[in-house]
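Below: entry.txt (compact mmCIF, N, CA and C atoms)
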```txt
# COMPACT_ATOMS: atom_id res chain seq x y z
N MET A 124 384.35 18.40 44.80
CA MET A 124 383.63 18.06 43.58
C MET A 124 382.77 19.25 43.14
N ASN A 125 382.96 19.68 41.94
CA ASN A 125 382.18 20.80 41.42
C ASN A 125 380.69 20.49 41.36
N ASP A 126 380.35 19.22 41.09
CA ASP A 126 378.94 18.87 41.02
C ASP A 126 378.27 18.95 42.38
N ASN A 127 379.00 18.68 43.46
CA ASN A 127 378.44 18.85 44.80
C ASN A 127 378.11 20.32 45.05
N LYS A 128 378.98 21.20 44.60
CA LYS A 128 378.74 22.64 44.75
C LYS A 128 377.52 23.05 43.94
N LEU A 129 377.38 22.51 42.76
CA LEU A 129 376.22 22.78 41.92
C LEU A 129 374.93 22.37 42.64
N ILE A 130 374.93 21.17 43.23
CA ILE A 130 373.75 20.70 43.96
C ILE A 130 373.49 21.58 45.17
N ALA A 131 374.56 21.95 45.88
CA ALA A 131 374.40 22.81 47.06
C ALA A 131 373.72 24.12 46.68
N GLU A 132 374.13 24.71 45.58
CA GLU A 132 373.51 25.96 45.13
C GLU A 132 372.06 25.73 44.72
N PHE A 133 371.78 24.62 44.08
CA PHE A 133 370.40 24.26 43.73
C PHE A 133 369.54 24.18 44.99
N MET A 134 370.13 23.69 46.07
CA MET A 134 369.41 23.55 47.34
C MET A 134 369.31 24.86 48.11
N GLY A 135 369.93 25.91 47.58
CA GLY A 135 369.82 27.21 48.23
C GLY A 135 370.98 27.56 49.14
N MET A 136 372.03 26.75 49.12
CA MET A 136 373.20 27.05 49.93
C MET A 136 374.01 28.16 49.27
N LYS A 137 374.69 28.93 50.07
CA LYS A 137 375.52 30.04 49.61
C LYS A 137 376.99 29.70 49.87
N LEU A 138 377.87 30.28 49.06
CA LEU A 138 379.31 30.11 49.26
C LEU A 138 379.81 31.28 50.09
N GLY A 139 380.37 30.97 51.26
CA GLY A 139 380.89 32.01 52.14
C GLY A 139 382.30 32.43 51.78
N ASP A 140 382.73 33.51 52.37
CA ASP A 140 384.10 34.00 52.14
C ASP A 140 385.14 32.99 52.58
N ASP A 141 384.77 32.14 53.54
CA ASP A 141 385.70 31.12 54.04
C ASP A 141 385.64 29.82 53.23
N LYS A 142 384.98 29.87 52.05
CA LYS A 142 384.87 28.72 51.13
C LYS A 142 384.04 27.58 51.72
N THR A 143 383.10 27.92 52.62
CA THR A 143 382.15 26.93 53.09
C THR A 143 380.80 27.22 52.45
N MET A 144 380.02 26.18 52.27
CA MET A 144 378.65 26.31 51.78
C MET A 144 377.75 26.33 53.00
N TYR A 145 376.77 27.23 53.01
CA TYR A 145 375.89 27.34 54.17
C TYR A 145 374.49 27.73 53.72
N TYR A 146 373.51 27.41 54.58
CA TYR A 146 372.13 27.85 54.35
C TYR A 146 371.95 29.19 55.03
N ASP A 147 371.30 30.10 54.34
CA ASP A 147 371.06 31.43 54.88
C ASP A 147 369.63 31.54 55.40
N ASP A 148 369.25 30.56 56.24
CA ASP A 148 367.92 30.58 56.84
C ASP A 148 367.94 29.78 58.13
N ALA A 149 366.82 29.75 58.81
CA ALA A 149 366.75 29.08 60.11
C ALA A 149 366.65 27.56 59.99
N GLU A 150 366.20 27.06 58.86
CA GLU A 150 365.99 25.61 58.71
C GLU A 150 367.18 24.95 58.02
N ASN A 151 368.33 25.02 58.62
CA ASN A 151 369.54 24.44 58.04
C ASN A 151 369.46 22.93 58.01
N LEU A 152 369.66 22.36 56.83
CA LEU A 152 369.74 20.91 56.72
C LEU A 152 371.12 20.42 57.13
N HIS A 153 372.12 21.25 56.90
CA HIS A 153 373.51 20.88 57.20
C HIS A 153 374.22 22.11 57.77
N PRO A 154 375.18 21.90 58.65
CA PRO A 154 375.95 23.05 59.13
C PRO A 154 376.85 23.57 58.02
N PRO A 155 377.43 24.77 58.20
CA PRO A 155 378.39 25.25 57.19
C PRO A 155 379.43 24.16 56.90
N THR A 156 379.64 23.91 55.63
CA THR A 156 380.49 22.79 55.22
C THR A 156 381.45 23.23 54.14
N PRO A 157 382.76 22.94 54.31
CA PRO A 157 383.70 23.25 53.23
C PRO A 157 383.27 22.55 51.93
N VAL A 158 383.49 23.22 50.81
CA VAL A 158 383.04 22.70 49.52
C VAL A 158 383.54 21.28 49.29
N ASP A 159 384.78 21.01 49.66
CA ASP A 159 385.33 19.67 49.40
C ASP A 159 384.84 18.62 50.39
N GLU A 160 383.98 19.01 51.34
CA GLU A 160 383.42 18.05 52.28
C GLU A 160 381.91 17.87 52.12
N LEU A 161 381.33 18.45 51.07
CA LEU A 161 379.91 18.23 50.79
C LEU A 161 379.70 16.75 50.47
N LYS A 162 378.58 16.18 50.91
CA LYS A 162 378.40 14.73 50.84
C LYS A 162 377.24 14.27 49.97
N PHE A 163 376.83 15.10 49.01
CA PHE A 163 375.71 14.70 48.17
C PHE A 163 375.99 13.42 47.40
N HIS A 164 377.24 13.18 47.05
CA HIS A 164 377.60 12.00 46.26
C HIS A 164 377.79 10.73 47.09
N THR A 165 377.79 10.85 48.42
CA THR A 165 378.05 9.67 49.26
C THR A 165 376.99 9.40 50.32
N SER A 166 376.09 10.34 50.56
CA SER A 166 375.15 10.20 51.67
C SER A 166 373.70 10.39 51.21
N TRP A 167 372.88 9.38 51.49
CA TRP A 167 371.45 9.50 51.19
C TRP A 167 370.84 10.61 52.03
N ASP A 168 371.35 10.85 53.23
CA ASP A 168 370.83 11.93 54.08
C ASP A 168 371.00 13.29 53.41
N TRP A 169 372.02 13.43 52.60
CA TRP A 169 372.25 14.67 51.85
C TRP A 169 371.48 14.67 50.53
N LEU A 170 371.43 13.52 49.87
CA LEU A 170 370.89 13.48 48.51
C LEU A 170 369.36 13.43 48.46
N MET A 171 368.72 12.76 49.40
CA MET A 171 367.26 12.62 49.33
C MET A 171 366.52 13.96 49.43
N PRO A 172 366.97 14.93 50.23
CA PRO A 172 366.29 16.23 50.18
C PRO A 172 366.34 16.89 48.80
N VAL A 173 367.36 16.57 48.02
CA VAL A 173 367.45 17.09 46.66
C VAL A 173 366.37 16.44 45.80
N VAL A 174 366.21 15.12 45.94
CA VAL A 174 365.14 14.42 45.23
C VAL A 174 363.79 15.02 45.61
N GLU A 175 363.60 15.25 46.90
CA GLU A 175 362.33 15.82 47.37
C GLU A 175 362.10 17.22 46.83
N LYS A 176 363.17 18.01 46.71
CA LYS A 176 363.01 19.35 46.15
C LYS A 176 362.60 19.27 44.68
N ILE A 177 363.22 18.37 43.93
CA ILE A 177 362.85 18.21 42.52
C ILE A 177 361.38 17.80 42.42
N GLU A 178 360.98 16.84 43.24
CA GLU A 178 359.61 16.35 43.18
C GLU A 178 358.59 17.33 43.77
N SER A 179 359.06 18.32 44.51
CA SER A 179 358.13 19.32 45.03
C SER A 179 357.55 20.17 43.90
N ASP A 180 358.24 20.19 42.77
CA ASP A 180 357.69 20.79 41.56
C ASP A 180 356.87 19.67 40.90
N GLU A 181 355.58 19.82 40.91
CA GLU A 181 354.69 18.74 40.48
C GLU A 181 354.90 18.31 39.03
N ARG A 182 355.69 19.04 38.28
CA ARG A 182 355.97 18.62 36.91
C ARG A 182 356.93 17.43 36.85
N TYR A 183 357.71 17.20 37.92
CA TYR A 183 358.78 16.22 37.85
C TYR A 183 358.57 15.06 38.81
N ASP A 184 359.04 13.90 38.37
CA ASP A 184 359.03 12.70 39.20
C ASP A 184 360.40 12.04 39.06
N VAL A 185 360.98 11.65 40.19
CA VAL A 185 362.28 10.97 40.19
C VAL A 185 362.03 9.50 40.50
N GLU A 186 362.45 8.65 39.59
CA GLU A 186 362.29 7.20 39.77
C GLU A 186 363.66 6.58 40.00
N ILE A 187 363.89 6.15 41.23
CA ILE A 187 365.16 5.52 41.60
C ILE A 187 364.93 4.01 41.54
N LEU A 188 365.53 3.38 40.55
CA LEU A 188 365.35 1.95 40.34
C LEU A 188 366.65 1.22 40.69
N GLN A 189 366.61 -0.08 40.62
CA GLN A 189 367.79 -0.86 40.99
C GLN A 189 368.98 -0.57 40.08
N TYR A 190 368.73 -0.40 38.80
CA TYR A 190 369.84 -0.27 37.85
C TYR A 190 369.92 1.09 37.18
N GLY A 191 369.29 2.09 37.74
CA GLY A 191 369.38 3.42 37.16
C GLY A 191 368.30 4.34 37.72
N THR A 192 368.43 5.59 37.37
CA THR A 192 367.47 6.61 37.81
C THR A 192 366.99 7.35 36.58
N ARG A 193 365.72 7.67 36.60
CA ARG A 193 365.22 8.53 35.54
C ARG A 193 364.37 9.62 36.18
N ILE A 194 364.42 10.77 35.55
CA ILE A 194 363.62 11.92 35.98
C ILE A 194 362.72 12.25 34.81
N ILE A 195 361.43 12.28 35.10
CA ILE A 195 360.47 12.53 34.04
C ILE A 195 359.68 13.80 34.34
N GLU A 196 359.24 14.42 33.27
CA GLU A 196 358.48 15.66 33.36
C GLU A 196 357.07 15.43 32.81
N ARG A 197 356.11 15.88 33.57
CA ARG A 197 354.72 15.78 33.13
C ARG A 197 354.38 16.99 32.26
N THR A 198 353.86 16.71 31.08
CA THR A 198 353.34 17.78 30.23
C THR A 198 351.82 17.72 30.31
N LYS A 199 351.15 18.54 29.56
CA LYS A 199 349.68 18.53 29.58
C LYS A 199 349.11 17.21 29.11
N THR A 200 349.82 16.51 28.24
CA THR A 200 349.28 15.29 27.65
C THR A 200 350.13 14.05 27.83
N ASP A 201 351.36 14.18 28.37
CA ASP A 201 352.27 13.04 28.34
C ASP A 201 353.36 13.20 29.40
N TRP A 202 354.20 12.18 29.52
CA TRP A 202 355.42 12.23 30.33
C TRP A 202 356.62 12.24 29.39
N ILE A 203 357.60 13.08 29.70
CA ILE A 203 358.82 13.17 28.88
C ILE A 203 360.01 12.85 29.78
N GLU A 204 360.89 11.97 29.32
CA GLU A 204 362.11 11.69 30.07
C GLU A 204 363.06 12.87 29.96
N VAL A 205 363.44 13.41 31.09
CA VAL A 205 364.42 14.49 31.13
C VAL A 205 365.81 13.88 31.27
N VAL A 206 365.93 12.88 32.14
CA VAL A 206 367.18 12.16 32.37
C VAL A 206 366.85 10.68 32.47
N ASN A 207 367.68 9.86 31.85
CA ASN A 207 367.52 8.41 31.97
C ASN A 207 368.89 7.78 31.88
N ASN A 208 369.38 7.25 33.01
CA ASN A 208 370.66 6.54 32.99
C ASN A 208 370.46 5.06 33.34
N ILE A 209 369.24 4.56 33.12
CA ILE A 209 368.95 3.15 33.37
C ILE A 209 369.77 2.31 32.41
N ALA A 210 370.36 1.27 32.94
CA ALA A 210 371.19 0.33 32.19
C ALA A 210 372.55 0.91 31.81
N ASP A 211 372.94 2.01 32.42
CA ASP A 211 374.30 2.53 32.23
C ASP A 211 375.20 1.71 33.14
N ILE A 212 376.03 0.89 32.58
CA ILE A 212 376.80 -0.09 33.38
C ILE A 212 377.93 0.53 34.18
N SER A 213 378.10 1.84 34.13
CA SER A 213 379.22 2.46 34.84
C SER A 213 378.92 2.70 36.32
N PHE A 214 377.71 2.38 36.79
CA PHE A 214 377.36 2.64 38.19
C PHE A 214 377.33 1.36 38.99
N ASP A 215 377.96 1.41 40.17
CA ASP A 215 377.98 0.25 41.05
C ASP A 215 376.89 0.31 42.11
N ARG A 216 376.49 1.53 42.48
CA ARG A 216 375.54 1.68 43.59
C ARG A 216 374.40 2.62 43.19
N LYS A 217 373.26 2.46 43.86
CA LYS A 217 372.10 3.31 43.58
C LYS A 217 372.42 4.78 43.78
N ILE A 218 373.16 5.09 44.83
CA ILE A 218 373.45 6.49 45.10
C ILE A 218 374.26 7.10 43.96
N ASP A 219 375.10 6.30 43.31
CA ASP A 219 375.91 6.81 42.20
C ASP A 219 375.04 7.21 41.01
N HIS A 220 374.11 6.34 40.63
CA HIS A 220 373.29 6.70 39.46
C HIS A 220 372.24 7.75 39.81
N THR A 221 371.83 7.80 41.07
CA THR A 221 370.88 8.84 41.48
C THR A 221 371.57 10.20 41.46
N TYR A 222 372.78 10.26 42.01
CA TYR A 222 373.58 11.49 42.00
C TYR A 222 373.81 11.95 40.56
N ASP A 223 374.20 11.04 39.70
CA ASP A 223 374.44 11.36 38.29
C ASP A 223 373.18 11.94 37.64
N ALA A 224 372.04 11.34 37.88
CA ALA A 224 370.79 11.82 37.28
C ALA A 224 370.45 13.22 37.78
N ILE A 225 370.65 13.46 39.07
CA ILE A 225 370.35 14.78 39.64
C ILE A 225 371.26 15.84 39.04
N VAL A 226 372.53 15.54 38.91
CA VAL A 226 373.47 16.50 38.32
C VAL A 226 373.06 16.81 36.87
N LYS A 227 372.73 15.77 36.11
CA LYS A 227 372.30 15.98 34.73
C LYS A 227 371.02 16.81 34.67
N PHE A 228 370.10 16.55 35.60
CA PHE A 228 368.84 17.31 35.65
C PHE A 228 369.11 18.78 35.92
N ILE A 229 369.96 19.07 36.91
CA ILE A 229 370.25 20.46 37.25
C ILE A 229 370.93 21.17 36.08
N LYS A 230 371.89 20.50 35.45
CA LYS A 230 372.57 21.10 34.31
C LYS A 230 371.61 21.33 33.15
N ASP A 231 370.68 20.40 32.93
CA ASP A 231 369.68 20.58 31.89
C ASP A 231 368.78 21.76 32.21
N CYS A 232 368.41 21.89 33.48
CA CYS A 232 367.57 23.02 33.90
C CYS A 232 368.31 24.34 33.77
N GLU A 233 369.61 24.32 34.04
CA GLU A 233 370.42 25.53 33.85
C GLU A 233 370.31 26.00 32.41
N LYS A 234 370.46 25.05 31.50
CA LYS A 234 370.41 25.39 30.08
C LYS A 234 369.05 25.95 29.70
N LYS A 235 368.02 25.38 30.27
CA LYS A 235 366.66 25.80 29.93
C LYS A 235 366.19 26.96 30.80
N ASN A 236 366.94 27.22 31.89
CA ASN A 236 366.59 28.29 32.83
C ASN A 236 365.16 28.11 33.35
N VAL A 237 364.84 26.89 33.81
CA VAL A 237 363.48 26.60 34.24
C VAL A 237 363.31 26.57 35.76
N ILE A 238 364.39 26.68 36.51
CA ILE A 238 364.26 26.62 37.96
C ILE A 238 364.10 28.04 38.48
N ALA A 239 362.92 28.36 38.92
CA ALA A 239 362.59 29.72 39.34
C ALA A 239 363.42 30.14 40.54
N GLY A 240 363.87 31.38 40.49
CA GLY A 240 364.53 31.98 41.64
C GLY A 240 365.99 31.64 41.83
N ILE A 241 366.57 30.83 40.97
CA ILE A 241 367.98 30.47 41.14
C ILE A 241 368.75 30.96 39.93
N ASP A 242 369.75 31.79 40.17
CA ASP A 242 370.60 32.31 39.10
C ASP A 242 371.88 31.49 39.09
N PHE A 243 372.07 30.69 38.06
CA PHE A 243 373.23 29.82 37.97
C PHE A 243 374.42 30.48 37.27
N SER A 244 374.29 31.70 36.81
CA SER A 244 375.35 32.31 36.02
C SER A 244 376.66 32.40 36.80
N GLU A 245 376.59 32.75 38.10
CA GLU A 245 377.82 32.84 38.89
C GLU A 245 378.46 31.47 39.04
N SER A 246 377.65 30.44 39.26
CA SER A 246 378.18 29.08 39.38
C SER A 246 378.87 28.65 38.10
N ILE A 247 378.24 28.92 36.98
CA ILE A 247 378.81 28.53 35.69
C ILE A 247 380.14 29.23 35.49
N ASN A 248 380.21 30.52 35.78
CA ASN A 248 381.47 31.26 35.64
C ASN A 248 382.55 30.70 36.54
N GLN A 249 382.20 30.38 37.79
CA GLN A 249 383.19 29.83 38.71
C GLN A 249 383.69 28.48 38.25
N LEU A 250 382.78 27.61 37.78
CA LEU A 250 383.18 26.28 37.31
C LEU A 250 384.07 26.40 36.07
N ASN A 251 383.75 27.33 35.20
CA ASN A 251 384.56 27.52 33.99
C ASN A 251 385.94 28.05 34.30
N ASN A 252 386.08 28.74 35.42
CA ASN A 252 387.38 29.33 35.79
C ASN A 252 388.27 28.38 36.59
N LEU A 253 387.78 27.19 36.91
CA LEU A 253 388.59 26.23 37.68
C LEU A 253 389.62 25.54 36.83
```
Kindly return the structure encoded in the file as structure tokens.
Amino acid sequence: MNDNKLIAEFMGMKLGDDKTMYYDDAENLHPPTPVDELKFHTSWDWLMPVVEKIESDERYDVEILQYGTRIIERTKTDWIEVVNNIADISFDRKIDHTYDAIVKFIKDCEKKNVIAGIDFSESINQLNNL
């Protein structure tokens, strides 16, 4: 899944020559994993650290509700919805709508170039070439 690769890169994972995603530091959350075996879309153990990373930026809050997820941004005077898929009937499970919201958030941030230190240009080129 291309979106799993996008999330992996957001989390700081690198793509190796052997087509595995890996962390280039001592605090590995996951061992080197082939791109097609990334589990962000099926495992809370993989997805929740992504939620925590988003929320580590004090501007954002991720609200995982029964029927959808929304990600909101705090401004100086208000809260703005960045992503809202609440009441989208296409999701059967919480992890599905949470994953969807995170992917939309990352893609929105790519467009706005607001995530410090992460260059998404290579990822975008690779996804476009698939």
As AutoDock Vina command-line options, please report the centre and edge lengths, rounded to one decimal in Å, of the axis-aligned box that holds all listed atoms of range 222-229 of chain A with 8 Å of padding on each of the six sides.
```
--center_x 371.6 --center_y 15.7 --center_z 38.3 --size_x 21.6 --size_y 26.9 --size_z 23.3
```
Handout entry: For CA of Met144 in chain A and CA of Thr156 in chain A, the interatomic separation in Å (one decimal)
Key =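 For CA of Met144 in chain A relative to CA of Thr156 in chain A, the distance reads 5.3 Å.
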Problem - Using only N, CA and C atoms: which of A:Lys142, A:Lys217, A:Lys199, A:Lys234 has the shortest distance to Pro157 in chain A - result: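 The closest residue to Pro157 in chain A is A:Lys142.
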Problem - Polymer residues at most 9 Å from Asp184 in chain A, only C-alpha atoms, same-chain spacing of 3 or more positions, as a PyMOL selection string - result: chain A and resi 174+177-181+193-197
Handout entry: Atom-to-atom span, CA of Arg182 in chain A and atom N of Thr198 in chain A, Å
Key =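 Result for CA of Arg182 in chain A versus atom N of Thr198 in chain A: 6.5 Å, one decimal.
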Could you give me, as a PDB file with N, CA and C atoms, keeping the file's coordinate frame, the residues within 10 Å of Asp223 in chain A, counting only C-alpha atoms and dropping anything in the same chain fewer than 3 positions from it?
```
ATOM      1  N   ASP A 126     380.350  19.220  41.090  1.00  0.00           N
ATOM      2  CA  ASP A 126     378.940  18.870  41.020  1.00  0.00           C
ATOM      3  C   ASP A 126     378.270  18.950  42.380  1.00  0.00           C
ATOM      4  N   HIS A 164     377.240  13.180  47.050  1.00  0.00           N
ATOM      5  CA  HIS A 164     377.600  12.000  46.260  1.00  0.00           C
ATOM      6  C   HIS A 164     377.790  10.730  47.090  1.00  0.00           C
ATOM      7  N   GLY A 191     369.290   2.090  37.740  1.00  0.00           N
ATOM      8  CA  GLY A 191     369.380   3.420  37.160  1.00  0.00           C
ATOM      9  C   GLY A 191     368.300   4.340  37.720  1.00  0.00           C
ATOM     10  N   THR A 192     368.430   5.590  37.370  1.00  0.00           N
ATOM     11  CA  THR A 192     367.470   6.610  37.810  1.00  0.00           C
ATOM     12  C   THR A 192     366.990   7.350  36.580  1.00  0.00           C
ATOM     13  N   VAL A 206     365.930  12.880  32.140  1.00  0.00           N
ATOM     14  CA  VAL A 206     367.180  12.160  32.370  1.00  0.00           C
ATOM     15  C   VAL A 206     366.850  10.680  32.470  1.00  0.00           C
ATOM     16  N   ASN A 207     367.680   9.860  31.850  1.00  0.00           N
ATOM     17  CA  ASN A 207     367.520   8.410  31.970  1.00  0.00           C
ATOM     18  C   ASN A 207     368.890   7.780  31.880  1.00  0.00           C
ATOM     19  N   ASN A 208     369.380   7.250  33.010  1.00  0.00           N
ATOM     20  CA  ASN A 208     370.660   6.540  32.990  1.00  0.00           C
ATOM     21  C   ASN A 208     370.460   5.060  33.340  1.00  0.00           C
ATOM     22  N   PHE A 214     377.710   2.380  36.790  1.00  0.00           N
ATOM     23  CA  PHE A 214     377.360   2.640  38.190  1.00  0.00           C
ATOM     24  C   PHE A 214     377.330   1.360  38.990  1.00  0.00           C
ATOM     25  N   LYS A 217     373.260   2.460  43.860  1.00  0.00           N
ATOM     26  CA  LYS A 217     372.100   3.310  43.580  1.00  0.00           C
ATOM     27  C   LYS A 217     372.420   4.780  43.780  1.00  0.00           C
ATOM     28  N   ILE A 218     373.160   5.090  44.830  1.00  0.00           N
ATOM     29  CA  ILE A 218     373.450   6.490  45.100  1.00  0.00           C
ATOM     30  C   ILE A 218     374.260   7.100  43.960  1.00  0.00           C
ATOM     31  N   ASP A 219     375.100   6.300  43.310  1.00  0.00           N
ATOM     32  CA  ASP A 219     375.910   6.810  42.200  1.00  0.00           C
ATOM     33  C   ASP A 219     375.040   7.210  41.010  1.00  0.00           C
ATOM     34  N   HIS A 220     374.110   6.340  40.630  1.00  0.00           N
ATOM     35  CA  HIS A 220     373.290   6.700  39.460  1.00  0.00           C
ATOM     36  C   HIS A 220     372.240   7.750  39.810  1.00  0.00           C
ATOM     37  N   VAL A 226     372.530  15.540  38.910  1.00  0.00           N
ATOM     38  CA  VAL A 226     373.470  16.500  38.320  1.00  0.00           C
ATOM     39  C   VAL A 226     373.060  16.810  36.870  1.00  0.00           C
ATOM     40  N   LYS A 227     372.730  15.770  36.110  1.00  0.00           N
ATOM     41  CA  LYS A 227     372.300  15.980  34.730  1.00  0.00           C
ATOM     42  C   LYS A 227     371.020  16.810  34.670  1.00  0.00           C
ATOM     43  N   PHE A 228     370.100  16.550  35.600  1.00  0.00           N
ATOM     44  CA  PHE A 228     368.840  17.310  35.650  1.00  0.00           C
ATOM     45  C   PHE A 228     369.110  18.780  35.920  1.00  0.00           C
TER      46      PHE A 228
END
```
Problem - Residues within 12 Å of Trp169 in chain A, only C-alpha atoms, excluding chain neighbours under 4 positions, as a PyMOL selection string - result: chain A and resi 127+130-131+134+151-154+160-165+173-176+218+221-222
Problem - Every residue of range 131-238 of chain A that DSSP places in helix (DSSP H, G or I), as a ChimeraX atom specification - result: /A:131-133,158-160,167-179,217-235
Problem - Using only C-alpha atoms: which of A:Arg216, A:Thr200, A:Met171, A:Val205 has the shortest distance to Leu188 in chain A - result: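 Ranking A:Arg216, A:Thr200, A:Met171, A:Val205 by distance to Leu188 in chain A, first place goes to A:Arg216.
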Exercise for the section: Please return as a PyMOL selection string: the residues of range 185-244 of chain A that backbone DSSP assigns to strand (DSSP E). Expected result: chain A and resi 185-188+191-197+202-207
Exercise for the section: Between CA of Thr143 in chain A and atom N of Asp159 in chain A, measure the distance and give it in Å to one decimal. Expected result: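 Between these atoms lies a distance of 7.3 Å.
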Exercise for the section: Write out as a PyMOL selection string which residues come within 6 Å of Tyr190 in chain A when counting all atoms listed in the file, dropping same-chain ones fewer than 4 positions away. Expected result: chain A and resi 208-211
Would you output range 172-243 of chain A from that structure, restricted to C-alpha atoms, as a tab-separated table (two decimals), in the first residue's frame?
```tsv
chain	number	residue	atom	x	y	z
A	172	PRO	CA	2.64	5.99	17.46
A	173	VAL	CA	1.62	7.96	14.36
A	174	VAL	CA	-1.26	9.53	16.29
A	175	GLU	CA	1.16	10.33	19.10
A	176	LYS	CA	3.62	11.92	16.68
A	177	ILE	CA	0.89	14.14	15.24
A	178	GLU	CA	-0.23	15.15	18.72
A	179	SER	CA	3.36	15.82	19.81
A	180	ASP	CA	2.99	18.98	17.75
A	181	GLU	CA	0.87	20.98	20.17
A	182	ARG	CA	-1.04	22.57	17.30
A	183	TYR	CA	-2.86	19.31	16.52
A	184	ASP	CA	-5.30	17.04	18.29
A	185	VAL	CA	-6.53	13.69	16.96
A	186	GLU	CA	-10.03	12.72	18.05
A	187	ILE	CA	-10.80	9.04	17.44
A	188	LEU	CA	-14.53	8.59	17.87
A	189	GLN	CA	-16.83	5.64	17.35
A	190	TYR	CA	-17.94	6.68	13.88
A	191	GLY	CA	-15.02	8.69	12.56
A	192	THR	CA	-11.81	10.53	13.24
A	193	ARG	CA	-11.08	14.19	13.06
A	194	ILE	CA	-7.81	16.04	13.32
A	195	ILE	CA	-8.02	19.62	14.46
A	196	GLU	CA	-5.49	22.41	14.51
A	197	ARG	CA	-5.27	25.02	17.22
A	198	THR	CA	-4.83	28.58	15.99
A	199	LYS	CA	-4.27	31.63	18.17
A	200	THR	CA	-8.00	32.14	18.57
A	201	ASP	CA	-9.82	28.98	17.46
A	202	TRP	CA	-9.76	25.31	16.41
A	203	ILE	CA	-9.85	24.44	12.70
A	204	GLU	CA	-10.76	21.01	11.36
A	205	VAL	CA	-7.95	19.73	9.18
A	206	VAL	CA	-9.55	16.32	8.56
A	207	ASN	CA	-13.05	15.13	9.41
A	208	ASN	CA	-14.38	11.78	8.22
A	209	ILE	CA	-17.06	11.48	10.93
A	210	ALA	CA	-20.23	9.91	9.56
A	211	ASP	CA	-18.47	8.62	6.44
A	212	ILE	CA	-20.36	5.35	6.08
A	213	SER	CA	-17.58	3.63	4.13
A	214	PHE	CA	-15.69	2.58	7.29
A	215	ASP	CA	-16.45	-0.58	9.21
A	216	ARG	CA	-13.82	-0.29	11.94
A	217	LYS	CA	-12.20	2.48	13.99
A	218	ILE	CA	-8.76	1.63	12.67
A	219	ASP	CA	-10.02	2.15	9.11
A	220	HIS	CA	-11.28	5.69	9.66
A	221	THR	CA	-8.29	6.56	11.84
A	222	TYR	CA	-5.89	5.35	9.14
A	223	ASP	CA	-7.84	7.31	6.51
A	224	ALA	CA	-7.71	10.51	8.58
A	225	ILE	CA	-3.96	10.16	9.16
A	226	VAL	CA	-3.28	9.64	5.46
A	227	LYS	CA	-5.39	12.69	4.58
A	228	PHE	CA	-3.58	14.72	7.26
A	229	ILE	CA	-0.14	13.77	5.95
A	230	LYS	CA	-1.14	14.52	2.35
A	231	ASP	CA	-2.59	17.87	3.43
A	232	CYS	CA	0.64	18.66	5.28
A	233	GLU	CA	2.65	17.70	2.19
A	234	LYS	CA	0.71	20.25	0.20
A	235	LYS	CA	1.23	22.90	2.84
A	236	ASN	CA	4.80	21.78	3.59
A	237	VAL	CA	4.20	22.25	7.32
A	238	ILE	CA	5.96	19.19	8.73
A	239	ALA	CA	9.43	20.36	9.67
A	240	GLY	CA	12.40	18.28	8.64
A	241	ILE	CA	10.63	15.90	6.26
A	242	ASP	CA	11.09	16.23	2.51
A	243	PHE	CA	8.21	14.49	0.76
```
